[in-house]
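Report on the structure given below.
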Amino acid sequence: MIVVTGASGQLGRLVVSALLKKVPANEIAVVVRSPEKVADLAALGVQVRQGDYNQPESLVAAFQGADKLLLISANEIGRRFEQHSAAIAAAKQAGVGLLVYTSLLRADTSPLPLCVEHAQTEAVLRTAGIPFVILRNGWYTENYLASVGSALQLGAVFGSAGDGRIASAACVDYAEAAVAVLTQENHSGKVYELAGDESYSLAEFAAEISLHSGKNIAYQNLPEADFKIALLGAGLPEWLATLLSESDVGASKGGLFDDSHQLSQLIGRPTTSWKTMVEKAVKA
């Protein structure tokens, strides 16, 4: 039995979709806080189990029978270490055979503040006594695609990444990497640094928008505080504006770059082209 947490989220849904191409539906279980959100998966024959990171007692039952468990990192920044620790303890109690955890690119050395809870979780996982695999996911290209619409409106891409290079990949690429680990053998104990095959600066990202839109889109580099204010002004919540502005500064220090090509090696194909994704976003 393969059990996937966070299956109602973006990454989780893509993982389950890819799993269904390789594994019978009755050999897949998903753990979600609100089962009604995955009624479509239940209709396909996937087992739906209620479980909440904030209710550890619910996780022990939800993880029962898991030969392999994909622990997709929680999204409540500041509470994730506590939540992940509880999930790891529940996995041990449930007798999970292999725990696969979605961490952050180079979590042990990354300049991104976002890495702290991931590094802490990795440390707990290493001493938990459960066979594990760590998938250190880089940035989703979709994170920057969300700015294409405002760039076309305002004539600029705003950020704090300077000349930092970003080796992002599509969310589906990371999902396929998780599926590879969940459906293949000989991954136990490994740590994968996952990032896109190609990298770009935000100036190059802006130039790609220009190319496909016919408009002159510039990149405007801002101090972190000013970028955060701009994000808040665009209607983003405080936590997300903080995350994005801090991450951009981290990118300026190399935190979103990796050229090891471990992601494409794991999925057996080149990662999805960021240029193709920008073109589709511009023309959408």
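Simple scheme: letters A, B, ... for chains in structure tokens order, numbers from 1 for residues in each chain, numbers from 1 for ligands in the order shown.
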
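Shell of Gly196 of chain A at 7 Å, with only C-alpha atoms counted and residues fewer than 5 places along the chain excluded, is A:Ala167, A:Ser168, A:Ala169, A:Leu263, A:Thr271.
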
Taking the backbone alone, and naming residues the way the document does, which bits of segment 62-159 of chain A are alpha helix (DSSP H) by DSSP, as a PyMOL selection string? chain A and resi 62+80-94+115-126+141-145+148-154

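Here the strand (DSSP E or B) residues in segment 197-227 of chain A, by DSSP on the backbone, are Tyr200, Ala218, Tyr219, Gln220 and Asn221 of chain A.
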
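With only C-alpha atoms as the atoms that count, the residue of A:Val172, A:Ala61, A:Val116, A:Ala90 with the shortest distance to Ser17 of chain A is A:Val172.
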
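For the choices A:Glu36, A:Asp197, A:Glu279, A:Glu185, the atom-to-atom distance to Lys68 of chain A is smallest for A:Glu185 when using only C-alpha atoms.
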
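Closest approach to Gly12 of chain A among A:Val278, A:Val124, A:Ala175, A:Leu105: A:Ala175, based on only C-alpha atoms.
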
Give me the residues of segment 101-166 of chain A that have any atom at most 6 Å from an atom of segment 248-252 of chain A; for each, the nearest atom pair and the distance in Å, rounded to one decimal. Use only C-alpha atoms, sort by chain and number, and format it as a tab-separated table.
residue	atom	partner	partner_atom	distance
A:Pro111	CA	A:Gly250	CA	5.3
A:Leu112	CA	A:Gly250	CA	4.8
A:Ser160	CA	A:Asp248	CA	5.1
A:Ala161	CA	A:Ser252	CA	4.4
A:Gly162	CA	A:Ser252	CA	5.3
A:Gly164	CA	A:Ser252	CA	4.1

Contacts of Gly149 of chain A at 10 Å (only C-alpha atoms; same-chain gap of 6+ positions) as a list of chain:residue names: A:Gly155, A:Val157, A:Ile209, A:Ala281, A:Val282, A:Ala284

Keeping N, CA, C and O atoms for every residue in the selection just given, could you write it to a file as a PDB file, in the first residue's frame?
ATOM      1  N   GLY A 155       4.075  46.220 -16.928  1.00  0.00           N
ATOM      2  CA  GLY A 155       5.253  46.399 -17.779  1.00  0.00           C
ATOM      3  C   GLY A 155       6.558  46.032 -17.106  1.00  0.00           C
ATOM      4  O   GLY A 155       7.631  46.426 -17.557  1.00  0.00           O
ATOM      5  N   VAL A 157       8.556  42.922 -14.253  1.00  0.00           N
ATOM      6  CA  VAL A 157       8.614  41.858 -13.261  1.00  0.00           C
ATOM      7  C   VAL A 157       9.357  42.423 -12.064  1.00  0.00           C
ATOM      8  O   VAL A 157      10.446  42.989 -12.215  1.00  0.00           O
ATOM      9  N   ILE A 209       8.943  36.875 -21.217  1.00  0.00           N
ATOM     10  CA  ILE A 209       7.578  37.413 -21.286  1.00  0.00           C
ATOM     11  C   ILE A 209       7.489  38.426 -22.423  1.00  0.00           C
ATOM     12  O   ILE A 209       6.522  38.431 -23.194  1.00  0.00           O
ATOM     13  N   ALA A 281       1.739  30.675 -20.446  1.00  0.00           N
ATOM     14  CA  ALA A 281       1.121  31.617 -19.504  1.00  0.00           C
ATOM     15  C   ALA A 281       0.808  32.949 -20.163  1.00  0.00           C
ATOM     16  O   ALA A 281      -0.244  33.558 -19.919  1.00  0.00           O
ATOM     17  N   VAL A 282       1.703  33.394 -21.030  1.00  0.00           N
ATOM     18  CA  VAL A 282       1.484  34.663 -21.738  1.00  0.00           C
ATOM     19  C   VAL A 282       0.277  34.560 -22.673  1.00  0.00           C
ATOM     20  O   VAL A 282      -0.534  35.482 -22.786  1.00  0.00           O
ATOM     21  N   ALA A 284      -2.214  32.447 -22.464  1.00  0.00           N
ATOM     22  CA  ALA A 284      -3.437  31.924 -21.828  1.00  0.00           C
ATOM     23  C   ALA A 284      -4.555  32.964 -21.826  1.00  0.00           C
ATOM     24  O   ALA A 284      -4.307  34.161 -21.723  1.00  0.00           O
TER      25      ALA A 284
END

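Separating atom CA of Gly214 of chain A from atom CA of Lys283 of chain A is a distance of 11.2 Å.
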
Do you know which residues are at most 8 Å from Gln262 of chain A counting only C-alpha atoms, after dropping those on the same chain fewer than 2 positions away, and could you put them as a PyMOL selection string? chain A and resi 192-195+260+264-266

Please produce, as JSON lines, a per-residue contact table for segment 169-248 of chain A versus segment 70-86 of chain A (criterion: any atom at most 9 Å away, only C-alpha atoms considered), showing the nearest atom pair and its distance in Å to one decimal, sorted by chain then residue number.
{"residue": "A:Ala178", "atom": "CA", "partner": "A:Leu70", "partner_atom": "CA", "distance": 7.7}
{"residue": "A:Leu182", "atom": "CA", "partner": "A:Leu70", "partner_atom": "CA", "distance": 7.7}
{"residue": "A:Trp239", "atom": "CA", "partner": "A:Ile77", "partner_atom": "CA", "distance": 8.1}

Could you tell me which of A:Val46, A:Ile217, A:Leu19, A:Ala146 comes closest to Leu236 of chain A if we count only C-alpha atoms? A:Ala146
